[in-house]
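A.B. asks: Dropping in coords_24.csv, with CSV, C-alpha atoms and all ligand atoms.
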chain,number,residue,atom,x,y,z
A,1,MET,CA,5.6,4.6,-10.2
A,2,LEU,CA,5.2,5.3,-6.5
A,3,GLN,CA,1.8,4.7,-5.0
A,4,LYS,CA,-0.8,7.1,-6.3
A,5,ASN,CA,-1.5,8.6,-2.8
A,6,SER,CA,2.2,9.2,-2.1
A,7,ILE,CA,3.9,12.5,-1.6
A,8,PHE,CA,7.6,12.7,-2.0
A,9,SER,CA,9.7,15.4,-0.3
A,10,LEU,CA,13.5,15.7,-0.8
A,11,PHE,CA,15.2,17.8,1.8
A,12,ASN,CA,18.5,19.7,1.6
A,13,SER,CA,19.9,18.4,4.8
A,14,GLN,CA,19.5,15.6,7.3
A,15,GLU,CA,18.5,18.2,9.9
A,16,GLU,CA,15.7,19.6,7.7
A,17,LEU,CA,14.4,16.1,7.1
A,18,ASP,CA,14.5,15.3,10.9
A,19,ARG,CA,12.7,18.6,11.8
A,20,ASN,CA,10.0,18.1,9.2
A,21,ALA,CA,9.5,14.5,10.1
A,22,ALA,CA,9.1,15.3,13.8
A,23,GLN,CA,6.7,18.2,13.1
A,24,PHE,CA,4.7,15.9,10.7
A,25,ILE,CA,4.3,13.3,13.5
A,26,ILE,CA,3.3,15.9,16.0
A,27,GLU,CA,0.7,17.3,13.6
A,28,LYS,CA,-0.8,13.8,12.9
A,29,ALA,CA,-1.0,13.2,16.6
A,30,LYS,CA,-2.9,16.5,17.1
A,31,ILE,CA,-5.4,15.6,14.4
A,32,ALA,CA,-6.0,12.0,15.7
A,33,ILE,CA,-6.3,13.2,19.4
A,34,ASN,CA,-8.7,16.0,18.4
A,35,GLU,CA,-10.8,13.5,16.4
A,36,LYS,CA,-10.9,10.5,18.8
A,37,GLY,CA,-8.8,11.2,21.9
A,38,SER,CA,-5.8,9.0,21.1
A,39,PHE,CA,-2.9,8.5,18.6
A,40,SER,CA,-1.5,5.1,17.7
A,41,LEU,CA,2.0,5.2,16.1
A,42,VAL,CA,4.1,2.4,14.8
A,43,LEU,CA,7.9,3.0,15.1
A,44,SER,CA,10.6,1.9,12.7
A,45,GLY,CA,13.9,0.5,13.7
A,46,GLY,CA,17.2,1.3,12.0
A,47,THR,CA,19.3,4.5,12.3
A,48,THR,CA,17.4,6.9,10.1
A,49,PRO,CA,14.6,7.8,12.7
A,50,VAL,CA,17.0,8.2,15.6
A,51,ASN,CA,17.4,12.0,15.3
A,52,VAL,CA,13.6,12.3,14.8
A,53,TYR,CA,13.0,10.4,18.1
A,54,LYS,CA,15.6,12.8,19.8
A,55,LEU,CA,13.6,15.8,18.6
A,56,LEU,CA,10.3,14.3,19.8
A,57,ALA,CA,11.9,13.8,23.2
A,58,LYS,CA,12.1,17.6,23.5
A,59,GLU,CA,8.5,18.2,22.6
A,60,GLN,CA,5.9,19.1,25.2
A,61,VAL,CA,2.7,17.7,23.9
A,62,ASN,CA,0.0,15.4,25.4
A,63,PHE,CA,2.1,12.3,25.1
A,64,GLU,CA,-0.2,10.5,27.6
A,65,LYS,CA,-2.6,10.1,24.7
A,66,TRP,CA,0.0,8.4,22.4
A,67,TYR,CA,0.0,4.6,21.9
A,68,ILE,CA,3.3,3.2,20.6
A,69,TYR,CA,3.8,0.0,18.6
A,70,PHE,CA,6.8,-1.4,16.6
A,71,GLY,CA,6.9,-2.4,13.0
A,72,ASP,CA,9.6,-5.0,13.6
A,73,GLU,CA,12.0,-6.3,16.3
A,74,ARG,CA,15.3,-8.0,16.4
A,75,CYS,CA,15.4,-11.2,18.5
A,76,PHE,CA,17.8,-10.2,21.2
A,77,PRO,CA,17.4,-10.5,25.0
A,78,LEU,CA,15.2,-7.9,26.7
A,79,ASN,CA,17.8,-5.3,27.6
A,80,HIS,CA,19.9,-5.6,24.4
A,81,LEU,CA,20.8,-2.2,23.1
A,82,GLU,CA,20.2,-3.1,19.4
A,83,ARG,CA,16.6,-3.9,20.0
A,84,ASN,CA,14.5,-1.4,18.1
A,85,SER,CA,12.3,-0.8,21.2
A,86,ASN,CA,15.3,-0.2,23.4
A,87,VAL,CA,16.7,2.5,21.1
A,88,ALA,CA,13.4,4.3,21.0
A,89,GLU,CA,13.0,3.9,24.8
A,90,LEU,CA,16.4,5.2,25.6
A,91,ILE,CA,16.4,8.3,23.4
A,92,TRP,CA,12.7,9.3,23.5
A,93,LEU,CA,10.0,7.2,25.2
A,94,SER,CA,11.7,7.1,28.7
A,95,LYS,CA,12.1,10.9,28.6
A,96,VAL,CA,8.4,11.9,28.0
A,97,ASN,CA,5.2,11.1,29.8
A,98,ILE,CA,3.9,8.3,27.6
A,99,PRO,CA,2.5,5.9,30.2
A,100,LYS,CA,4.4,2.6,30.1
A,101,SER,CA,1.1,0.8,29.6
A,102,ASN,CA,0.8,2.7,26.3
A,103,ILE,CA,4.0,1.2,24.9
A,104,PHE,CA,3.6,-2.1,23.2
A,105,ILE,CA,7.0,-3.6,22.6
A,106,ILE,CA,7.4,-6.8,20.5
A,107,PRO,CA,8.4,-9.5,23.0
A,108,ALA,CA,11.3,-10.7,20.9
A,109,GLU,CA,13.1,-12.1,23.9
A,110,LEU,CA,10.6,-15.0,23.6
A,111,GLY,CA,12.2,-15.9,20.2
A,112,ASN,CA,10.7,-15.2,16.8
A,113,LYS,CA,7.9,-17.9,17.0
A,114,ASP,CA,6.5,-17.3,20.4
A,115,GLY,CA,7.2,-13.6,20.2
A,116,SER,CA,5.2,-13.2,17.0
A,117,LEU,CA,2.3,-15.1,18.4
A,118,ALA,CA,2.3,-13.0,21.5
A,119,TYR,CA,2.4,-9.7,19.5
A,120,GLU,CA,-0.4,-11.0,17.3
A,121,LYS,CA,-2.6,-11.1,20.4
A,122,ILE,CA,-1.6,-7.6,21.4
A,123,LEU,CA,-2.4,-6.3,18.0
A,124,ASP,CA,-5.9,-7.9,18.1
A,125,LYS,CA,-6.8,-5.2,20.5
A,126,ASN,CA,-5.9,-2.4,18.1
A,127,LYS,CA,-7.5,-2.8,14.6
A,128,SER,CA,-6.1,0.2,12.9
A,129,PHE,CA,-3.1,2.6,13.3
A,130,ASP,CA,-3.0,6.3,12.8
A,131,LEU,CA,0.6,6.5,11.5
A,132,VAL,CA,3.2,3.9,10.6
A,133,ILE,CA,6.9,5.0,10.3
A,134,LEU,CA,9.0,2.9,8.0
A,135,GLY,CA,12.6,2.9,6.8
A,136,LEU,CA,14.0,1.4,3.5
A,137,GLY,CA,16.9,-1.0,3.6
A,138,ASP,CA,19.6,-0.9,0.9
A,139,ASP,CA,18.2,-4.1,-0.5
A,140,GLY,CA,14.7,-2.6,-0.5
A,141,HIS,CA,13.4,-4.3,2.7
A,142,ILE,CA,10.9,-2.6,5.0
A,143,ALA,CA,10.4,-3.5,8.7
A,144,SER,CA,11.8,-7.1,8.5
A,145,LEU,CA,10.1,-8.0,5.2
A,146,PHE,CA,12.9,-8.7,2.7
A,147,PRO,CA,12.8,-8.8,-1.1
A,148,ASN,CA,12.6,-12.4,-2.5
A,149,HIS,CA,11.2,-13.8,0.8
A,150,GLN,CA,7.7,-15.0,1.3
A,151,TRP,CA,5.7,-12.4,3.2
A,152,GLU,CA,2.9,-14.4,4.7
A,153,ASN,CA,0.1,-11.9,4.7
A,154,THR,CA,-2.8,-13.6,6.4
A,155,LYS,CA,-1.5,-12.9,9.9
A,156,GLN,CA,-0.7,-9.5,11.5
A,157,VAL,CA,2.8,-10.6,12.6
A,158,ILE,CA,5.3,-13.1,11.2
A,159,SER,CA,8.5,-14.7,12.5
A,160,VAL,CA,11.6,-14.3,10.3
A,161,SER,CA,14.4,-16.8,10.6
A,162,ASN,CA,16.6,-15.9,7.7
A,163,SER,CA,17.0,-12.1,7.7
A,164,PRO,CA,20.0,-11.0,5.5
A,165,LYS,CA,20.4,-8.1,8.0
A,166,ALA,CA,21.6,-9.3,11.4
A,167,PRO,CA,20.3,-10.7,13.5
A,168,SER,CA,18.8,-13.5,11.4
A,169,ASP,CA,15.9,-14.0,13.8
A,170,ARG,CA,13.4,-11.2,13.8
A,171,ILE,CA,9.7,-10.5,14.1
A,172,SER,CA,7.8,-8.3,11.7
A,173,LEU,CA,4.4,-6.9,11.1
A,174,THR,CA,3.0,-8.0,7.8
A,175,LEU,CA,2.2,-5.8,4.8
A,176,SER,CA,-1.5,-6.0,5.4
A,177,ARG,CA,-1.0,-5.0,9.1
A,178,LEU,CA,1.4,-2.2,8.3
A,179,SER,CA,-1.0,-0.9,5.7
A,180,ASN,CA,-4.0,-0.9,8.1
A,181,THR,CA,-3.3,2.8,8.9
A,182,GLU,CA,-4.4,6.3,8.1
A,183,GLU,CA,-0.9,7.4,7.2
A,184,VAL,CA,2.5,5.9,6.4
A,185,LEU,CA,5.7,8.0,6.7
A,186,PHE,CA,8.9,6.7,5.0
A,187,LEU,CA,12.2,8.1,6.2
A,188,ILE,CA,15.0,7.5,3.7
A,189,SER,CA,18.5,8.9,3.9
A,190,GLY,CA,21.8,8.2,2.1
A,191,LYS,CA,23.0,7.4,-1.4
A,192,ASN,CA,23.1,3.7,-0.5
A,193,LYS,CA,19.3,3.8,-0.7
A,194,ALA,CA,19.2,5.1,-4.3
A,195,HIS,CA,19.1,1.7,-5.9
A,196,ALA,CA,16.3,0.4,-3.8
A,197,PHE,CA,14.3,3.7,-4.1
A,198,ASN,CA,14.7,3.6,-7.9
A,199,ARG,CA,13.5,0.0,-8.0
A,200,TRP,CA,10.5,1.0,-5.9
A,201,LYS,CA,9.7,3.9,-8.4
A,202,GLU,CA,10.0,1.5,-11.3
A,203,GLY,CA,7.5,-0.8,-9.8
A,204,GLY,CA,10.0,-3.5,-8.8
A,205,ASP,CA,9.0,-6.5,-6.8
A,206,LEU,CA,9.7,-4.9,-3.4
A,207,PRO,CA,7.6,-4.8,-0.2
A,208,ALA,CA,7.6,-1.0,-0.4
A,209,ASN,CA,5.5,-1.3,-3.5
A,210,LEU,CA,2.8,-3.2,-1.7
A,211,ILE,CA,2.4,-0.9,1.2
A,212,SER,CA,-0.8,1.2,1.3
A,213,ALA,CA,-2.4,3.7,3.5
A,214,LYS,CA,-6.0,4.9,3.9
A,215,ASN,CA,-5.0,8.5,3.5
A,216,GLN,CA,-1.4,9.2,2.4
A,217,ILE,CA,2.1,7.7,2.1
A,218,SER,CA,4.6,10.5,2.8
A,219,ILE,CA,8.1,9.8,1.7
A,220,MET,CA,10.7,12.1,3.3
A,221,ALA,CA,14.2,11.8,1.8
A,222,PHE,CA,17.7,13.3,1.9
A,223,ASP,CA,20.7,12.5,-0.3
A,224,ILE,CA,19.2,9.6,-2.2
A,225,PHE,CA,20.1,10.6,-5.7
B,301,LIG,C1,15.6,-2.8,11.4
B,301,LIG,C2,14.6,-2.2,10.7
B,301,LIG,C3,14.8,-2.0,9.2
B,301,LIG,C4,15.3,-0.5,9.0
B,301,LIG,C5,15.9,-0.4,7.6
B,301,LIG,C6,16.5,0.9,7.4
B,301,LIG,O1,15.4,-3.4,12.5
B,301,LIG,O2,16.8,-2.7,11.0
B,301,LIG,O3,13.4,-1.9,11.2
B,301,LIG,O4,13.6,-2.2,8.4
B,301,LIG,O5,14.2,0.4,9.1
B,301,LIG,O6,16.9,-1.4,7.5
B,301,LIG,O7,17.5,1.1,8.4
B,301,LIG,P1,18.5,2.4,8.4
B,301,LIG,O8,17.6,3.5,8.8
B,301,LIG,O9,19.5,2.1,9.5
B,301,LIG,O10,19.1,2.5,7.1
Re-express the file's structure as structure tokens.
Ligand code: 6PG
C.D. replies:
Amino acid sequence: MLQKNSIFSLFNSQEELDRNAAQFIIEKAKIAINEKGSFSLVLSGGTTPVNVYKLLAKEQVNFEKWYIYFGDERCFPLNHLERNSNVAELIWLSKVNIPKSNIFIIPAELGNKDGSLAYEKILDKNKSFDLVILGLGDDGHIASLFPNHQWENTKQVISVSNSPKAPSDRISLTLSRLSNTEEVLFLISGKNKAHAFNRWKEGGDLPANLISAKNQISIMAFDIF
């Protein structure tokens, strides 16, 4: 069983998923900005959100009120193109007027230990997110929390040294920190995700089963059956 407060939407094409996800994010931003003047968003890495970020780059909204965080990061040097933050910067964040000071990248160039401690301090200044975007790995991982690993949950950020998905050194927000949010949006695309998604639905021992949100978990999918 998926979480009780989850809504599952299956789209007919990748384009439809991307469009709906981008509009969903814009809508949640509007609501948060109307209510309290700012919108804090946690980005996912991986390939699935890339087209959504491209669509967001074309939007003309009050991006100056958006605050951007990352759910996980790969420990590569600062300018490495496979860093999740660099992908998002290149295709979206650098193209809109989000102030640089509103973008909180995970300092993974410091290595997973020092980088996770440094991000913990950054997150101390933001107690709750408005929206957390997540992907789902073929093996059922989310952010850099992998099945059959220990997910230390007393901190906000952990260092990962044995990631089965390269690179092995990573930094990840914990389940409790990712769940400290109004909304979660999962973007899941491709038949290779079917097994992991079915295990999640059956209540399998996967990190996705332990994610929660104060309001709703929205799951947007294409081609996963
Ligand atoms: C990463 C991630 C990871 C990703 C999933 C799905 O750094 O790789 O943040 O959790 O979201 O592996 O990735 P895809 O969207 O590429 O399938």
A.B. asks: Would you tabulate, counting only C-alpha atoms, all residues of range 46-161 of chain A that have an atom at most 12 Å from an atom of range 174-187 of chain A, showing the closest pair of atoms and their distance in Å to one decimal, sorted by chain then ascending number, as CSV?
C.D. replies:
residue,atom,partner,partner_atom,distance
A:Gly46,CA,A:Leu187,CA,10.2
A:Thr47,CA,A:Leu187,CA,10.0
A:Thr48,CA,A:Leu187,CA,6.6
A:Pro49,CA,A:Leu187,CA,6.9
A:Val50,CA,A:Leu187,CA,10.6
A:Asn51,CA,A:Leu187,CA,11.2
A:Val52,CA,A:Leu187,CA,9.7
A:Tyr69,CA,A:Leu178,CA,10.8
A:Phe70,CA,A:Leu178,CA,9.9
A:Gly71,CA,A:Leu178,CA,7.2
A:Asp72,CA,A:Thr174,CA,9.3
A:Ser116,CA,A:Thr174,CA,10.8
A:Tyr119,CA,A:Thr174,CA,11.8
A:Glu120,CA,A:Arg177,CA,10.2
A:Leu123,CA,A:Arg177,CA,9.1
A:Asp124,CA,A:Arg177,CA,10.6
A:Asn126,CA,A:Asn180,CA,10.3
A:Lys127,CA,A:Asn180,CA,7.6
A:Ser128,CA,A:Asn180,CA,5.4
A:Phe129,CA,A:Thr181,CA,4.4
A:Asp130,CA,A:Glu182,CA,4.9
A:Leu131,CA,A:Glu183,CA,4.6
A:Val132,CA,A:Val184,CA,4.7
A:Ile133,CA,A:Leu185,CA,4.8
A:Leu134,CA,A:Phe186,CA,4.8
A:Gly135,CA,A:Leu187,CA,5.2
A:Leu136,CA,A:Leu187,CA,7.4
A:Gly137,CA,A:Leu187,CA,10.6
A:His141,CA,A:Leu175,CA,11.5
A:Ile142,CA,A:Leu175,CA,9.3
A:Ala143,CA,A:Thr174,CA,8.7
A:Ser144,CA,A:Thr174,CA,8.9
A:Leu145,CA,A:Thr174,CA,7.6
A:Phe146,CA,A:Thr174,CA,11.2
A:Gln150,CA,A:Thr174,CA,10.6
A:Trp151,CA,A:Thr174,CA,6.9
A:Glu152,CA,A:Thr174,CA,7.1
A:Asn153,CA,A:Thr174,CA,5.8
A:Thr154,CA,A:Ser176,CA,7.8
A:Lys155,CA,A:Thr174,CA,7.0
A:Gln156,CA,A:Arg177,CA,5.1
A:Val157,CA,A:Thr174,CA,5.5
A:Ile158,CA,A:Thr174,CA,6.5
A:Ser159,CA,A:Thr174,CA,9.9
A:Val160,CA,A:Thr174,CA,10.9
A.B. asks: Between A:Ile106, A:His195, A:Leu117, A:Ala32, which one has atoms that come closest to Asp138 in chain A, using only C-alpha atoms?
C.D. replies: A:His195
A.B. asks: Taking only C-alpha atoms and all ligand atoms into account, which of A:Ser38, A:Gln3, A:Asn148, A:Ser44 comes nearest ligand LIG 301 (chain B)?
C.D. replies: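 Nearest candidate to ligand LIG 301 (chain B) out of A:Ser38, A:Gln3, A:Asn148, A:Ser44: A:Ser44.
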A.B. asks: Would you be able to write out as a list in words which residues have an atom within 10 Å of (14.8, 16.8, 13.0) in the file's coordinates, counting all atoms listed in the file?
C.D. replies: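 Protein, DNA and RNA residues close to (14.8, 16.8, 13.0): Ser13, Gln14, Glu15, Glu16, Leu17, Asp18, Arg19, Asn20, Ala21, Ala22, Gln23, Pro49, Val50, Asn51, Val52, Tyr53, Lys54, Leu55 and Leu56 of chain A.
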A.B. asks: Counting all atoms listed in the file, which residue out of A:Ala194, A:Leu90, A:Ala166, A:Ile26 sits closest to Ala221 in chain A?
C.D. replies: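 The shortest atom-to-atom distance to Ala221 in chain A comes from A:Ala194.
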